[in-house]
>>> print(open('start-v4.cif').read())   # mmCIF, C-alpha atoms
data_input
loop_
_atom_site.label_atom_id
_atom_site.label_comp_id
_atom_site.auth_asym_id
_atom_site.auth_seq_id
_atom_site.Cartn_x
_atom_site.Cartn_y
_atom_site.Cartn_z
CA MET A 1 -17.68 4.96 -6.79
CA ARG A 2 -17.81 6.19 -10.36
CA PRO A 3 -16.43 4.34 -13.40
CA PHE A 4 -12.86 5.46 -13.99
CA HIS A 5 -13.38 5.82 -17.73
CA THR A 6 -15.85 8.65 -17.02
CA LEU A 7 -13.25 10.77 -15.18
CA ASP A 8 -12.59 14.08 -16.97
CA ALA A 9 -9.14 13.79 -18.53
CA CYS A 10 -8.40 17.39 -17.57
CA ARG A 11 -8.15 16.24 -13.96
CA LEU A 12 -5.15 14.12 -14.92
CA CYS A 13 -3.26 16.66 -17.05
CA ASP A 14 -1.07 17.89 -14.19
CA VAL A 15 -0.57 14.57 -12.40
CA GLY A 16 3.07 14.19 -11.42
CA PHE A 17 2.77 11.36 -8.91
CA VAL A 18 1.15 7.93 -9.06
CA LEU A 19 0.94 6.10 -5.74
CA THR A 20 -0.07 2.46 -5.79
CA ASP A 21 -0.68 -0.48 -3.54
CA ILE A 22 1.03 -3.70 -4.67
CA ASP A 23 -0.92 -6.87 -3.80
CA ASP A 24 -3.96 -7.30 -6.03
CA THR A 25 -3.42 -3.78 -7.37
CA LEU A 26 -0.19 -4.23 -9.31
CA THR A 27 -0.35 -8.00 -9.02
CA THR A 28 -2.93 -10.42 -10.41
CA ASP A 29 -3.40 -13.79 -8.72
CA GLY A 30 -0.21 -13.24 -6.74
CA ARG A 31 1.99 -12.44 -9.74
CA LEU A 32 3.27 -9.17 -11.21
CA PRO A 33 2.10 -9.22 -14.84
CA SER A 34 4.13 -7.62 -17.60
CA ILE A 35 1.31 -5.16 -18.34
CA ALA A 36 1.62 -3.67 -14.83
CA TYR A 37 5.42 -3.54 -14.81
CA GLU A 38 5.44 -1.95 -18.25
CA ALA A 39 2.98 0.65 -16.95
CA LEU A 40 5.42 1.47 -14.13
CA GLU A 41 8.23 1.89 -16.65
CA ARG A 42 6.14 4.08 -18.95
CA LEU A 43 5.09 6.36 -16.12
CA SER A 44 8.64 6.67 -14.86
CA GLY A 45 9.96 7.29 -18.36
CA ALA A 46 7.42 10.09 -18.82
CA GLY A 47 8.66 11.86 -15.68
CA VAL A 48 5.85 10.72 -13.37
CA LYS A 49 7.15 9.78 -9.94
CA VAL A 50 5.81 6.37 -8.97
CA VAL A 51 5.63 5.36 -5.30
CA PRO A 52 4.34 1.95 -4.16
CA VAL A 53 2.51 2.31 -0.83
CA THR A 54 2.22 -1.18 0.55
CA GLY A 55 1.87 -3.46 3.53
CA ARG A 56 4.78 -5.57 2.31
CA PRO A 57 7.94 -5.92 4.43
CA ALA A 58 11.14 -3.93 4.69
CA GLY A 59 13.15 -6.62 2.92
CA TRP A 60 10.89 -6.53 -0.10
CA CYS A 61 10.78 -2.73 -0.09
CA ASP A 62 14.57 -2.51 -0.15
CA LEU A 63 14.59 -4.58 -3.34
CA ILE A 64 11.69 -2.64 -4.85
CA ALA A 65 13.36 0.73 -4.19
CA ARG A 66 16.61 -0.54 -5.73
CA LEU A 67 15.37 -2.49 -8.77
CA TRP A 68 11.91 -1.32 -9.82
CA PRO A 69 11.26 1.83 -11.92
CA VAL A 70 9.97 3.72 -8.87
CA ASP A 71 11.12 6.86 -7.05
CA ALA A 72 10.46 5.64 -3.49
CA VAL A 73 8.40 3.09 -1.58
CA VAL A 74 6.30 3.33 1.59
CA GLY A 75 6.19 -0.02 3.37
CA GLU A 76 4.63 -1.98 6.21
CA ASN A 77 1.53 0.24 6.10
CA GLY A 78 3.47 3.42 6.81
CA ALA A 79 6.24 2.20 9.12
CA PHE A 80 8.89 3.70 6.80
CA TYR A 81 9.81 5.00 3.40
CA PHE A 82 12.84 3.93 1.39
CA ALA A 83 14.34 5.72 -1.62
CA CYS A 84 17.39 4.69 -3.62
CA GLU A 85 19.48 6.95 -5.83
CA ALA A 86 21.62 5.41 -8.56
CA GLY A 87 25.12 5.52 -7.17
CA GLY A 88 23.91 7.35 -4.09
CA GLY A 89 22.76 4.54 -1.84
CA MET A 90 19.58 3.98 0.10
CA THR A 91 17.67 6.47 2.23
CA ARG A 92 15.64 4.84 5.01
CA VAL A 93 13.23 6.87 7.14
CA PHE A 94 11.22 5.19 9.92
CA ALA A 95 8.16 6.35 11.82
CA GLN A 96 9.63 5.06 15.10
CA ALA A 97 13.09 5.06 16.66
CA GLY A 98 15.11 1.84 16.65
CA GLU A 99 14.69 1.12 20.36
CA THR A 100 10.92 1.51 20.07
CA ARG A 101 10.81 -0.87 17.13
CA LEU A 102 12.82 -3.49 19.04
CA GLU A 103 10.50 -3.31 22.05
CA ASN A 104 7.44 -3.48 19.82
CA ARG A 105 8.94 -6.49 18.04
CA ARG A 106 9.07 -8.38 21.33
CA ARG A 107 5.44 -7.48 22.05
CA LEU A 108 4.35 -8.58 18.58
CA ASP A 109 6.18 -11.90 18.88
CA ASP A 110 4.22 -12.63 22.06
CA LEU A 111 1.00 -11.56 20.35
CA ALA A 112 1.70 -13.87 17.41
CA THR A 113 1.69 -16.85 19.74
CA SER A 114 -1.63 -15.76 21.21
CA ILE A 115 -3.30 -15.19 17.82
CA LEU A 116 -2.28 -18.59 16.47
CA ALA A 117 -3.62 -20.25 19.61
CA ASN A 118 -6.95 -18.43 19.45
CA VAL A 119 -7.73 -18.47 15.73
CA PRO A 120 -7.55 -21.94 14.15
CA GLY A 121 -6.18 -21.81 10.62
CA ALA A 122 -4.37 -18.50 11.10
CA ARG A 123 -0.70 -18.57 10.17
CA ILE A 124 2.26 -16.22 10.22
CA SER A 125 2.86 -14.76 6.76
CA ALA A 126 5.73 -16.20 4.76
CA ASP A 127 7.29 -12.75 4.46
CA GLN A 128 7.37 -12.15 8.24
CA PRO A 129 11.16 -12.74 8.55
CA PHE A 130 11.72 -9.70 6.34
CA ARG A 131 9.52 -7.36 8.41
CA ASP A 132 10.82 -4.62 10.66
CA ALA A 133 7.84 -3.06 12.43
CA ASP A 134 4.70 -5.15 12.15
CA LEU A 135 3.19 -8.62 12.39
CA ALA A 136 1.44 -10.09 9.35
CA ILE A 137 -1.10 -12.85 9.82
CA ASP A 138 -1.87 -14.64 6.57
CA PHE A 139 -5.49 -15.50 5.86
CA ALA A 140 -5.44 -15.86 2.08
CA GLU A 141 -1.97 -15.91 0.53
CA ASP A 142 -0.50 -19.32 1.40
CA GLY A 143 -3.04 -21.92 2.43
CA PRO A 144 -6.83 -22.09 2.65
CA ARG A 145 -8.62 -18.76 2.74
CA LEU A 146 -10.13 -18.03 6.15
CA GLY A 147 -13.66 -16.74 6.52
CA GLU A 148 -14.74 -13.27 7.59
CA ALA A 149 -15.37 -14.50 11.13
CA GLU A 150 -11.77 -15.68 11.51
CA VAL A 151 -10.41 -12.47 10.01
CA SER A 152 -12.52 -10.47 12.47
CA ARG A 153 -11.15 -12.55 15.35
CA ILE A 154 -7.58 -11.84 14.25
CA VAL A 155 -8.35 -8.12 14.17
CA ALA A 156 -9.95 -8.37 17.63
CA CYS A 157 -6.83 -10.08 19.04
CA PHE A 158 -4.63 -7.24 17.80
CA GLU A 159 -6.96 -4.56 19.12
CA ALA A 160 -7.36 -6.25 22.51
CA ALA A 161 -3.58 -6.01 22.89
CA GLY A 162 -3.62 -2.30 22.06
CA ALA A 163 -2.28 -2.74 18.53
CA VAL A 164 -3.52 -1.21 15.30
CA ALA A 165 -4.87 -3.80 12.85
CA LYS A 166 -5.47 -3.33 9.12
CA VAL A 167 -6.91 -5.86 6.70
CA SER A 168 -5.44 -6.22 3.22
CA SER A 169 -6.55 -8.61 0.51
CA ILE A 170 -4.29 -11.35 1.94
CA HIS A 171 -3.08 -10.42 5.46
CA VAL A 172 -4.11 -8.80 8.69
CA ASN A 173 -1.23 -6.49 9.59
CA GLY A 174 -0.84 -5.29 13.16
CA TRP A 175 1.55 -2.89 14.85
CA PHE A 176 2.03 -0.71 17.91
CA GLY A 177 2.16 3.01 17.15
CA HIS A 178 0.24 5.85 15.56
CA TYR A 179 1.00 5.82 11.86
CA ASP A 180 -0.55 4.58 8.64
CA LYS A 181 -0.01 4.71 4.89
CA LEU A 182 -1.22 8.30 4.62
CA ALA A 183 0.88 9.66 7.49
CA MET A 184 4.12 8.32 6.03
CA THR A 185 3.14 9.41 2.52
CA ARG A 186 2.62 12.92 3.87
CA ARG A 187 6.11 12.82 5.42
CA LEU A 188 7.67 11.45 2.23
CA PHE A 189 6.22 14.28 0.16
CA ALA A 190 7.38 16.93 2.63
CA GLU A 191 10.90 15.57 3.03
CA ARG A 192 11.72 14.22 -0.43
CA TYR A 193 9.68 16.43 -2.74
CA ASP A 194 9.19 19.53 -0.56
CA LEU A 195 5.48 19.37 -1.31
CA ASP A 196 2.41 19.77 0.90
CA ILE A 197 -0.02 17.12 -0.32
CA ASP A 198 -2.95 19.04 1.15
CA LYS A 199 -2.19 21.77 -1.38
CA GLU A 200 -0.95 19.47 -4.17
CA ASN A 201 -3.68 16.84 -3.82
CA GLY A 202 -4.79 17.14 -7.43
CA ARG A 203 -1.31 16.30 -8.74
CA VAL A 204 -1.50 12.82 -7.21
CA VAL A 205 -3.34 9.65 -8.24
CA PHE A 206 -3.62 6.80 -5.75
CA VAL A 207 -4.56 3.27 -6.86
CA GLY A 208 -5.53 0.53 -4.40
CA ASP A 209 -7.77 -2.44 -3.80
CA SER A 210 -8.51 -3.22 -0.14
CA PRO A 211 -9.58 -1.94 3.30
CA ASN A 212 -6.09 -0.90 4.43
CA ASP A 213 -6.10 1.63 1.58
CA ALA A 214 -9.06 3.50 3.12
CA PRO A 215 -7.00 6.47 4.48
CA MET A 216 -5.57 7.04 1.00
CA PHE A 217 -8.95 6.60 -0.70
CA GLY A 218 -10.46 9.16 1.62
CA PHE A 219 -7.71 11.77 1.29
CA PHE A 220 -6.89 11.86 -2.40
CA ALA A 221 -9.36 13.43 -4.82
CA ASN A 222 -8.03 11.15 -7.54
CA SER A 223 -8.29 7.86 -5.65
CA VAL A 224 -8.97 4.82 -7.79
CA GLY A 225 -9.86 1.26 -6.90
CA VAL A 226 -9.07 -1.53 -9.33
CA ALA A 227 -12.13 -3.59 -10.23
CA ASN A 228 -11.52 -6.26 -7.59
CA PHE A 229 -12.09 -3.64 -4.88
CA ALA A 230 -15.74 -4.53 -5.40
CA ASP A 231 -15.07 -7.59 -3.19
CA PHE A 232 -14.73 -5.20 -0.22
CA ARG A 233 -17.22 -2.50 -1.15
CA ASP A 234 -19.67 -3.47 1.61
CA THR A 235 -17.00 -3.58 4.35
CA VAL A 236 -15.05 -0.35 3.72
CA ALA A 237 -16.41 2.89 5.12
CA THR A 238 -14.22 5.00 2.80
CA PRO A 239 -14.20 3.67 -0.77
CA PRO A 240 -12.21 5.12 -3.69
CA LYS A 241 -13.77 7.87 -5.77
CA TRP A 242 -13.36 5.89 -9.00
CA ILE A 243 -13.14 2.24 -10.01
CA THR A 244 -11.53 0.66 -13.08
CA ARG A 245 -13.10 -1.76 -15.53
CA ARG A 246 -10.33 -4.31 -15.10
CA ALA A 247 -8.89 -6.03 -12.03
CA GLY A 248 -5.41 -6.20 -10.55
CA GLY A 249 -2.44 -5.27 -12.71
CA ALA A 250 -4.61 -4.69 -15.78
CA GLY A 251 -6.64 -2.17 -13.78
CA PHE A 252 -3.46 -0.35 -12.76
CA ALA A 253 -2.37 -0.28 -16.39
CA GLU A 254 -5.75 1.25 -17.26
CA VAL A 255 -5.05 4.11 -14.85
CA ALA A 256 -1.47 4.58 -16.06
CA ALA A 257 -2.59 4.77 -19.69
CA ALA A 258 -5.15 7.45 -18.85
CA VAL A 259 -2.60 9.52 -16.93
CA LEU A 260 -0.05 9.31 -19.75
CA LYS A 261 -2.61 10.21 -22.42
CA ALA A 262 -3.90 13.20 -20.45
CA ARG A 263 -0.37 14.54 -19.89
CA ALA A 264 0.51 14.08 -23.58
CA ASP A 265 -2.69 15.76 -24.80
#
>>> encode(input="start-v4.cif", output="structure tokens")
Amino acid sequence: MRPFHTLDACRLCDVGFVLTDIDDTLTTDGRLPSIAYEALERLSGAGVKVVPVTGRPAGWCDLIARLWPVDAVVGENGAFYFACEAGGGMTRVFAQAGETRLENRRRLDDLATSILANVPGARISADQPFRDADLAIDFAEDGPRLGEAEVSRIVACFEAAGAVAKVSSIHVNGWFGHYDKLAMTRRLFAERYDLDIDKENGRVVFVGDSPNDAPMFGFFANSVGVANFADFRDTVATPPKWITRRAGGAGFAEVAAAVLKARAD
């Protein structure tokens, strides 16, 4: 990873899209600071399309698509994208059909019982009631932080059941199906923007902070980790290309300011 402040500004001149994780990327210590929200507004006001790409649930993503200064949101690690037009209602696109999601929900509910029985201290995330397609096991958000051994056991429980498991900065998210953040982002760009991100890679900046961002870090040439990504640098096979000086929401604001300056210059 190279320091973000050393990135050649010319690489950001044509950026038209900023994709960002939410937890510990936009947020700092679990809160959305004004500096990060203002950065979202400034990007949007300058004509940059902002898309949160997050592990957070469908219920949260509905609100984010409606109320935040963003163009769309990819949620539950790629289970769907939502986009809301003023006066035009909400567009919801899912990776899986409704019947498949219902069957997978039953399987995940059974798996939740097994994980809690096998990993002391593990708990269902507080936002689980608002989820559509996955199961979130909290290891750091509400309650004592679990150790790496417990997190690894949670991942192993998911994988033993045939589920995909991804670790964020606060949860282990698991689901049945073949999708991730990058796959749904690719679909969003094709369907909403009529763009092939393989060809338009350089027009996109992605900002993240944790292991479940690895597919995005690996794909995008302009992938940036906020400073707190350093907590995971020894456990992620695919790190971001660049890393900010500051952590969390201040790190995101650092990226936004650089994008806006490069476009203006």
>>> resolve_selection(input="start-v4.cif", expression="the PyMOL selection byres ((chain A and resi 58) around 8)", output="short mmCIF file (atom, residue, chain, number, x, y, z; two decimals) with C-alpha atoms, keeping the file's coordinate frame")
data_model
loop_
_atom_site.label_atom_id
_atom_site.label_comp_id
_atom_site.auth_asym_id
_atom_site.auth_seq_id
_atom_site.Cartn_x
_atom_site.Cartn_y
_atom_site.Cartn_z
CA ARG A 56 4.78 -5.57 2.31
CA PRO A 57 7.94 -5.92 4.43
CA GLY A 59 13.15 -6.62 2.92
CA TRP A 60 10.89 -6.53 -0.10
CA CYS A 61 10.78 -2.73 -0.09
CA ASP A 62 14.57 -2.51 -0.15
CA GLY A 75 6.19 -0.02 3.37
CA GLU A 76 4.63 -1.98 6.21
CA PHE A 130 11.72 -9.70 6.34
CA ARG A 131 9.52 -7.36 8.41
CA ASP A 132 10.82 -4.62 10.66
#
>>> residues_around(input="start-v4.cif", residues="range 136-138 of chain A", least_positions_apart="4", cutoff="8 Å", atoms="all atoms listed in the file", output="JSON, numbers by chain")
{"A": [122, 123, 124, 125, 126, 128, 142, 154, 170, 171, 172, 173, 174]}
>>> resolve_selection(input="start-v4.cif", expression="the PyMOL selection byres ((chain A and resi 241) around 12)", output="MDAnalysis selection string")
chainID A and resid 1:4 6:7 205:208 214 216:226 229 233 238:240 242:244
>>> resolve_selection(input="start-v4.cif", expression="the PyMOL selection byres ((chain A and resi 178-193) around 7)", output="number ranges by chain")
A: 53, 74, 77-81, 177, 194-197, 215-216
>>> write_last_selection(input="start-v4.cif", atoms="C-alpha atoms", output="PDB file, in the coordinates of the input")
ATOM      1  CA  VAL A  53       2.510   2.310  -0.830  1.00  0.00           C
ATOM      2  CA  VAL A  74       6.300   3.330   1.590  1.00  0.00           C
ATOM      3  CA  ASN A  77       1.530   0.240   6.100  1.00  0.00           C
ATOM      4  CA  GLY A  78       3.470   3.420   6.810  1.00  0.00           C
ATOM      5  CA  ALA A  79       6.240   2.200   9.120  1.00  0.00           C
ATOM      6  CA  PHE A  80       8.890   3.700   6.800  1.00  0.00           C
ATOM      7  CA  TYR A  81       9.810   5.000   3.400  1.00  0.00           C
ATOM      8  CA  GLY A 177       2.160   3.010  17.150  1.00  0.00           C
ATOM      9  CA  ASP A 194       9.190  19.530  -0.560  1.00  0.00           C
ATOM     10  CA  LEU A 195       5.480  19.370  -1.310  1.00  0.00           C
ATOM     11  CA  ASP A 196       2.410  19.770   0.900  1.00  0.00           C
ATOM     12  CA  ILE A 197      -0.020  17.120  -0.320  1.00  0.00           C
ATOM     13  CA  PRO A 215      -7.000   6.470   4.480  1.00  0.00           C
ATOM     14  CA  MET A 216      -5.570   7.040   1.000  1.00  0.00           C
TER      15      MET A 216
END
>>> closest_residue(input="start-v4.cif", among="A:Phe176, A:Phe82, A:Trp68, A:Phe139", to="Leu102 in chain A", atoms="all atoms listed in the file")
A:Phe176
>>> axis_aligned_box(input="start-v4.cif", around="range 193-210 of chain A", padding_each_side="6 Å", output="AutoDock Vina command-line options")
--center_x 0.6 --center_y 9.3 --center_z -3.8 --size_x 30.2 --size_y 37.0 --size_z 21.9
>>> atom_distance(input="start-v4.cif", atom1="CA of Leu108 in chain A", atom2="CA of Asp231 in chain A")
29.2 Å
>>> residues_near_point(input="start-v4.cif", point="(12.1, 3.3, -8.6)", cutoff="10 Å", atoms="all atoms listed in the file", output="NGL selection string")
:A and (40-41 or 44 or 49-52 or 63-73 or 83-86)
>>> residues_around(input="start-v4.cif", residues="Thr100 in chain A", least_positions_apart="4", cutoff="10 Å", atoms="only C-alpha atoms", output="VMD selection string")
chain A and resid 95 to 96 104 to 105 133 176 to 177
>>> atom_distance(input="start-v4.cif", atom1="CA of Asp8 in chain A", atom2="CA of Leu260 in chain A")
13.7 Å
>>> atom_distance(input="start-v4.cif", atom1="CA of Lys199 in chain A", atom2="CA of Val15 in chain A")
13.3 Å
>>> closest_residue(input="start-v4.cif", among="A:Ala250, A:Val255, A:Arg203, A:Lys261", to="Arg11 in chain A", atoms="only C-alpha atoms")
A:Arg203
>>> closest_residue(input="start-v4.cif", among="A:Gly98, A:Gly202, A:Gly121, A:Gly55", to="Val18 in chain A", atoms="only C-alpha atoms")
A:Gly202
>>> decode(input="start-v4.cif", residues="range 146-165 of chain A", atoms="N, CA and C atoms", output="compact mmCIF listing (two decimals), in the first residue's frame")
# COMPACT_ATOMS: atom_id res chain seq x y z
N LEU A 146 -14.79 -9.99 20.48
CA LEU A 146 -14.28 -11.36 20.50
C LEU A 146 -12.89 -11.41 19.90
N GLY A 147 -12.14 -12.43 20.26
CA GLY A 147 -10.79 -12.59 19.74
C GLY A 147 -10.77 -13.21 18.35
N GLU A 148 -9.59 -13.22 17.75
CA GLU A 148 -9.45 -13.77 16.40
C GLU A 148 -9.84 -15.24 16.34
N ALA A 149 -9.59 -15.98 17.42
CA ALA A 149 -9.94 -17.40 17.43
C ALA A 149 -11.45 -17.59 17.33
N GLU A 150 -12.20 -16.77 18.07
CA GLU A 150 -13.66 -16.87 18.02
C GLU A 150 -14.20 -16.45 16.65
N VAL A 151 -13.63 -15.40 16.09
CA VAL A 151 -14.06 -14.96 14.76
C VAL A 151 -13.80 -16.06 13.74
N SER A 152 -12.65 -16.71 13.84
CA SER A 152 -12.32 -17.80 12.92
C SER A 152 -13.30 -18.97 13.08
N ARG A 153 -13.73 -19.22 14.30
CA ARG A 153 -14.70 -20.30 14.53
C ARG A 153 -16.06 -19.96 13.94
N ILE A 154 -16.45 -18.70 14.01
CA ILE A 154 -17.70 -18.29 13.38
C ILE A 154 -17.63 -18.50 11.88
N VAL A 155 -16.53 -18.07 11.27
CA VAL A 155 -16.33 -18.28 9.83
C VAL A 155 -16.39 -19.76 9.49
N ALA A 156 -15.73 -20.59 10.30
CA ALA A 156 -15.71 -22.04 10.06
C ALA A 156 -17.11 -22.63 10.13
N CYS A 157 -17.95 -22.16 11.05
CA CYS A 157 -19.32 -22.66 11.15
C CYS A 157 -20.10 -22.35 9.88
N PHE A 158 -19.97 -21.13 9.38
CA PHE A 158 -20.63 -20.78 8.12
C PHE A 158 -20.16 -21.69 6.99
N GLU A 159 -18.86 -21.81 6.86
CA GLU A 159 -18.30 -22.56 5.73
C GLU A 159 -18.62 -24.04 5.82
N ALA A 160 -18.69 -24.59 7.03
CA ALA A 160 -19.05 -26.00 7.19
C ALA A 160 -20.46 -26.27 6.72
N ALA A 161 -21.32 -25.25 6.79
CA ALA A 161 -22.71 -25.38 6.35
C ALA A 161 -22.88 -25.08 4.86
N GLY A 162 -21.77 -24.75 4.20
CA GLY A 162 -21.84 -24.45 2.77
C GLY A 162 -22.14 -23.00 2.46
N ALA A 163 -22.03 -22.14 3.46
CA ALA A 163 -22.31 -20.72 3.27
C ALA A 163 -21.02 -19.95 3.00
N VAL A 164 -21.16 -18.80 2.35
CA VAL A 164 -20.07 -17.86 2.20
C VAL A 164 -19.98 -17.06 3.49
N ALA A 165 -18.77 -16.76 3.95
CA ALA A 165 -18.59 -15.94 5.16
C ALA A 165 -17.57 -14.85 4.87
